[in-house]
Amino acid sequence: MKIAISALRRLVAGLRARRRQLGLAALGLTGLVGSAMAEPQLEKAEIRYQGWAGQVSFIELADDLGYLAPLKLKWIGNTISGPQDIQTVVTGDIDIGGAFYGAIIKLIAAKAPIKAVVGYYGSDDNTYNGYYVKEDSPIRTARDLIGKKVAVNTLGAHVEFVLREYLARNGLTPAEAKQVTLVAIPPVTGEQALRQGQVEVSTLSGVLRDKALERGGIRRLFADTDIFGNFTGGSYVLRDKFIKDNPNTSRKLIEGISRAIAWAQTTPTEEVRARFERVIAERKRNEDATPIKYWKSTGVAIKGGLIGDAELQVWIDWLVKDGLLKPDQLKPSDIYTNAFNNFRPGKTAEVK
């Protein structure tokens with residue numbers, strides 16, 4: 001009888017131990033499931049992009065801040081043009097690129113399957129595109145530009161649209177505006193072209209503008225902020241197919257970029273510059289980091305680069321007025337989505 005009772009006790013103890021093991025296993029499984037639910041499986045592990053020499057893009061900043069992990073970035077070269085960058089997205093040679101809203105709208109109007117996903121640059125009191133003439137230039141008004149040459153970094157982008165709006169607001173007819181000649185010149189040679197008389201006006205921004213002003217002998221005719229105030233001027237884009245095939249990767253990527261933009265918007269300027277300089281030094285691309293010393297602000301008007309209807313509607317209206325779009329051909333919601341932005345309405349998010 002004692003033997004039977006002892007055996008029964010051992011059996012009960014064994015069942016209890018087994019139950020505890022099963023309970024622990026269940027807890028472990030629950031934890032794994034919860035973790036998987038919190039961090040969905042990414043469909044694509046590597047993101048291809050183009051950089052800008054001497055600059056740190058918000059894509060790269062997001063990676064350096066750890067906001068993209070476990071995503072990895074693959075740099076495939078540099079660009080000097082927003083339109084070229086987003087055209088490379090359209091061809092599928094890179095996954096993400098950025099440009100001026102007008103260039104994005106024109107591409108979408110031409111049936112390019114892309115979507116604006118986060119605003120990444122703009123103009124404010126510290127960061128803007130200025131249109132400069134020599135100190136002794138007779139050019140004082142928009143009408144004085146008739147028959148003159150203006151240096152721009154590329155055609156069909158931000159500085160061209162702003163110039164043409166400046167001419168229109170100051171009463172020039174379309175026929176008169178066509179008499180203002182745009183000359184595509186690499187930004188780094190814009191000051192030289194102006195001083196040597198190859199052009200009468202040159203667009204300058206950032207370090208190139210500040211260095212030119214330090215040397216003296218030039219003056220500002222107008223700036224993009226004189227026309228539009230503080231505004232976000234362009235965004236990063238993704239292909240529609242990329243978003244459809246990689247929804248979790250798209251969210252991880254754009255949430256990370258929007259957090260990096262917010263970080264740069266809210267972090268002391270010197271700290272942002274120091275981080276940019278370190279990133280440039282560590283990536284070893286044989287580039288000049290001098291422009292970083294002149295970095296002043298993101299220029300992005302809204303926290304985290306959230307996109308709004310108004311900032312797109314102004315360019316839609318302009319393209320309609322210019323005959324490049326038909327009335328009601330596109331509306332802002334056809335062009336962008338905030339669905340992946342870390343600061344989208346309805347999502348509680350702060351930079352951490």
# chains A, B, ... in the order shown; residues from 1 in each chain; ligands from 1
call {"tool": "residues_around", "arguments": {"residues": "Thr154 (chain A)", "least_positions_apart": "5", "cutoff": "12 Å", "atoms": "only C-alpha atoms", "output": "PyMOL selection string"}}
result
chain A and resi 79-84+99-100+103+159-161+182-187+190+203
call {"tool": "write_last_selection", "arguments": {"atoms": "C-alpha atoms", "output": "mmCIF file, in the first residue's frame"}}
result
data_model
loop_
_atom_site.group_PDB
_atom_site.id
_atom_site.type_symbol
_atom_site.label_atom_id
_atom_site.label_comp_id
_atom_site.auth_asym_id
_atom_site.auth_seq_id
_atom_site.Cartn_x
_atom_site.Cartn_y
_atom_site.Cartn_z
ATOM 1 C CA THR A 79 23.353 62.650 -57.723
ATOM 2 C CA ILE A 80 23.232 66.445 -58.158
ATOM 3 C CA SER A 81 19.618 66.594 -59.342
ATOM 4 C CA GLY A 82 16.265 65.792 -57.767
ATOM 5 C CA PRO A 83 14.605 64.998 -61.125
ATOM 6 C CA GLN A 84 17.410 62.542 -61.920
ATOM 7 C CA ALA A 99 12.918 65.788 -55.596
ATOM 8 C CA PHE A 100 10.970 69.027 -55.793
ATOM 9 C CA ALA A 103 9.035 67.452 -60.680
ATOM 10 C CA VAL A 159 14.731 76.951 -58.763
ATOM 11 C CA GLU A 160 13.146 77.148 -62.223
ATOM 12 C CA PHE A 161 9.599 77.006 -60.860
ATOM 13 C CA LEU A 182 17.855 79.451 -68.007
ATOM 14 C CA VAL A 183 21.354 77.969 -68.093
ATOM 15 C CA ALA A 184 21.964 74.642 -66.319
ATOM 16 C CA ILE A 185 25.248 74.953 -64.415
ATOM 17 C CA PRO A 186 26.600 72.747 -61.598
ATOM 18 C CA PRO A 187 25.907 74.607 -58.324
ATOM 19 C CA GLY A 190 27.372 79.154 -60.119
ATOM 20 C CA THR A 203 20.926 80.768 -57.842
#
call {"tool": "residues_around", "arguments": {"residues": "Arg273 (chain A)", "least_positions_apart": "2", "cutoff": "12 Å", "atoms": "only C-alpha atoms", "output": "VMD selection string"}}
result
chain A and resid 55 to 56 61 264 267 to 271 275 to 280 289 to 298
call {"tool": "closest_residue", "arguments": {"among": "A:Arg48, A:Arg219, A:Lys106, A:Arg169", "to": "Ile335 (chain A)", "atoms": "only C-alpha atoms"}}
result
A:Lys106
call {"tool": "closest_residue", "arguments": {"among": "A:Ala151, A:Val201, A:Ile105, A:Leu163", "to": "Asp226 (chain A)", "atoms": "only C-alpha atoms"}}
result
A:Leu163
call {"tool": "residues_around", "arguments": {"residues": "region 110-116 of chain A", "least_positions_apart": "2", "cutoff": "8 Å", "atoms": "only C-alpha atoms", "output": "PyMOL selection string"}}
result
chain A and resi 90+104+106-108+118-119+235-241+335-337
call {"tool": "residues_around", "arguments": {"residues": "Trp318 (chain A)", "least_positions_apart": "6", "cutoff": "12 Å", "atoms": "only C-alpha atoms", "output": "ChimeraX atom specification"}}
result
/A:101-102,105-106,161-162,164-166,168-169,311-312,324-327
call {"tool": "closest_residue", "arguments": {"among": "A:Ala109, A:Ile86, A:Ile96, A:Ala262", "to": "Ile47 (chain A)", "atoms": "only C-alpha atoms"}}
result
A:Ile96
call {"tool": "residues_around", "arguments": {"residues": "Pro138 (chain A)", "least_positions_apart": "6", "cutoff": "12 Å", "atoms": "only C-alpha atoms", "output": "list in words"}}
result
Asp144, Leu145, Lys148, Glu200, Val201, Arg219 and Leu221 of chain A
call {"tool": "closest_residue", "arguments": {"among": "A:Gly299, A:Leu319, A:Thr173, A:Val150", "to": "Leu204 (chain A)", "atoms": "only C-alpha atoms"}}
result
A:Val150
call {"tool": "select_by_dssp", "arguments": {"residues": "region 147-350 of chain A", "states": "alpha helix (DSSP H)", "output": "ChimeraX atom specification"}}
result
/A:158-169,174-177,190-195,206-215,224-228,240-245,247-266,269-283,309-321
call {"tool": "write_last_selection", "arguments": {"atoms": "C-alpha atoms", "output": "mmCIF file, in the first residue's frame"}}
result
data_model
loop_
_atom_site.group_PDB
_atom_site.id
_atom_site.type_symbol
_atom_site.label_atom_id
_atom_site.label_comp_id
_atom_site.auth_asym_id
_atom_site.auth_seq_id
_atom_site.Cartn_x
_atom_site.Cartn_y
_atom_site.Cartn_z
ATOM 1 C CA HIS A 158 12.693 73.910 -57.714
ATOM 2 C CA VAL A 159 14.731 76.951 -58.763
ATOM 3 C CA GLU A 160 13.146 77.148 -62.223
ATOM 4 C CA PHE A 161 9.599 77.006 -60.860
ATOM 5 C CA VAL A 162 10.339 79.675 -58.246
ATOM 6 C CA LEU A 163 11.913 81.965 -60.857
ATOM 7 C CA ARG A 164 8.980 81.608 -63.207
ATOM 8 C CA GLU A 165 6.529 82.318 -60.380
ATOM 9 C CA TYR A 166 8.544 85.428 -59.493
ATOM 10 C CA LEU A 167 8.293 86.636 -63.085
ATOM 11 C CA ALA A 168 4.562 85.923 -63.264
ATOM 12 C CA ARG A 169 3.786 87.666 -59.966
ATOM 13 C CA PRO A 174 4.394 84.226 -70.765
ATOM 14 C CA ALA A 175 6.015 85.589 -73.925
ATOM 15 C CA GLU A 176 8.202 87.956 -71.894
ATOM 16 C CA ALA A 177 9.109 85.228 -69.410
ATOM 17 C CA GLY A 190 27.372 79.154 -60.119
ATOM 18 C CA GLU A 191 29.237 81.915 -58.281
ATOM 19 C CA GLN A 192 32.114 81.831 -60.767
ATOM 20 C CA ALA A 193 29.741 82.029 -63.737
ATOM 21 C CA LEU A 194 28.103 85.098 -62.192
ATOM 22 C CA ARG A 195 31.344 86.921 -61.373
ATOM 23 C CA GLY A 206 23.714 76.742 -48.401
ATOM 24 C CA VAL A 207 27.489 76.862 -48.157
ATOM 25 C CA LEU A 208 27.848 78.124 -51.747
ATOM 26 C CA ARG A 209 25.627 81.111 -50.959
ATOM 27 C CA ASP A 210 27.253 81.887 -47.619
ATOM 28 C CA LYS A 211 30.800 81.660 -48.980
ATOM 29 C CA ALA A 212 29.897 83.900 -51.918
ATOM 30 C CA LEU A 213 28.376 86.484 -49.591
ATOM 31 C CA GLU A 214 31.501 86.389 -47.392
ATOM 32 C CA ARG A 215 33.590 87.275 -50.443
ATOM 33 C CA ASP A 224 12.188 81.550 -52.744
ATOM 34 C CA THR A 225 10.969 82.463 -49.251
ATOM 35 C CA ASP A 226 10.044 85.929 -50.562
ATOM 36 C CA ILE A 227 7.564 84.183 -52.862
ATOM 37 C CA PHE A 228 6.244 81.294 -50.776
ATOM 38 C CA ASP A 240 3.799 51.975 -56.105
ATOM 39 C CA LYS A 241 4.942 48.395 -56.709
ATOM 40 C CA PHE A 242 7.598 48.701 -54.005
ATOM 41 C CA ILE A 243 4.938 49.794 -51.503
ATOM 42 C CA LYS A 244 2.568 47.010 -52.573
ATOM 43 C CA ASP A 245 5.227 44.289 -52.438
ATOM 44 C CA PRO A 247 4.450 47.216 -46.971
ATOM 45 C CA ASN A 248 6.362 46.428 -43.770
ATOM 46 C CA THR A 249 9.678 47.526 -45.245
ATOM 47 C CA SER A 250 8.066 50.733 -46.547
ATOM 48 C CA ARG A 251 6.702 51.517 -43.100
ATOM 49 C CA LYS A 252 10.023 50.797 -41.367
ATOM 50 C CA LEU A 253 11.932 52.911 -43.878
ATOM 51 C CA ILE A 254 9.675 55.960 -43.868
ATOM 52 C CA GLU A 255 8.977 55.878 -40.135
ATOM 53 C CA GLY A 256 12.744 55.886 -39.607
ATOM 54 C CA ILE A 257 13.339 58.750 -42.029
ATOM 55 C CA SER A 258 10.541 60.851 -40.521
ATOM 56 C CA ARG A 259 12.004 60.273 -37.040
ATOM 57 C CA ALA A 260 15.427 61.372 -38.323
ATOM 58 C CA ILE A 261 13.934 64.559 -39.779
ATOM 59 C CA ALA A 262 12.213 65.310 -36.473
ATOM 60 C CA TRP A 263 15.495 64.654 -34.661
ATOM 61 C CA ALA A 264 17.284 67.190 -36.859
ATOM 62 C CA GLN A 265 14.425 69.667 -36.398
ATOM 63 C CA THR A 266 14.614 69.513 -32.604
ATOM 64 C CA THR A 269 22.440 72.795 -34.629
ATOM 65 C CA GLU A 270 25.979 72.119 -33.417
ATOM 66 C CA GLU A 271 25.045 68.585 -32.401
ATOM 67 C CA VAL A 272 23.481 67.910 -35.803
ATOM 68 C CA ARG A 273 26.567 69.254 -37.577
ATOM 69 C CA ALA A 274 28.880 67.128 -35.441
ATOM 70 C CA ARG A 275 26.922 64.008 -36.278
ATOM 71 C CA PHE A 276 26.895 64.830 -40.000
ATOM 72 C CA GLU A 277 30.664 65.376 -39.962
ATOM 73 C CA ARG A 278 31.232 62.029 -38.259
ATOM 74 C CA VAL A 279 28.999 60.204 -40.760
ATOM 75 C CA ILE A 280 30.898 61.746 -43.686
ATOM 76 C CA ALA A 281 34.265 60.877 -42.150
ATOM 77 C CA GLU A 282 33.273 57.271 -41.468
ATOM 78 C CA ARG A 283 31.782 56.526 -44.899
ATOM 79 C CA ASP A 309 -2.597 69.128 -49.408
ATOM 80 C CA ALA A 310 -1.715 72.836 -49.445
ATOM 81 C CA GLU A 311 1.987 72.390 -50.162
ATOM 82 C CA LEU A 312 1.132 70.270 -53.206
ATOM 83 C CA GLN A 313 -1.879 72.239 -54.412
ATOM 84 C CA VAL A 314 0.228 75.353 -55.030
ATOM 85 C CA TRP A 315 2.341 73.441 -57.561
ATOM 86 C CA ILE A 316 -0.648 71.678 -59.125
ATOM 87 C CA ASP A 317 -2.252 75.072 -59.670
ATOM 88 C CA TRP A 318 0.978 76.412 -61.142
ATOM 89 C CA LEU A 319 1.272 73.504 -63.600
ATOM 90 C CA VAL A 320 -2.361 73.946 -64.646
ATOM 91 C CA LYS A 321 -1.777 77.666 -65.190
#
call {"tool": "atom_distance", "arguments": {"atom1": "CA of Gly98 (chain A)", "atom2": "CA of Lys149 (chain A)"}}
result
27.3 Å
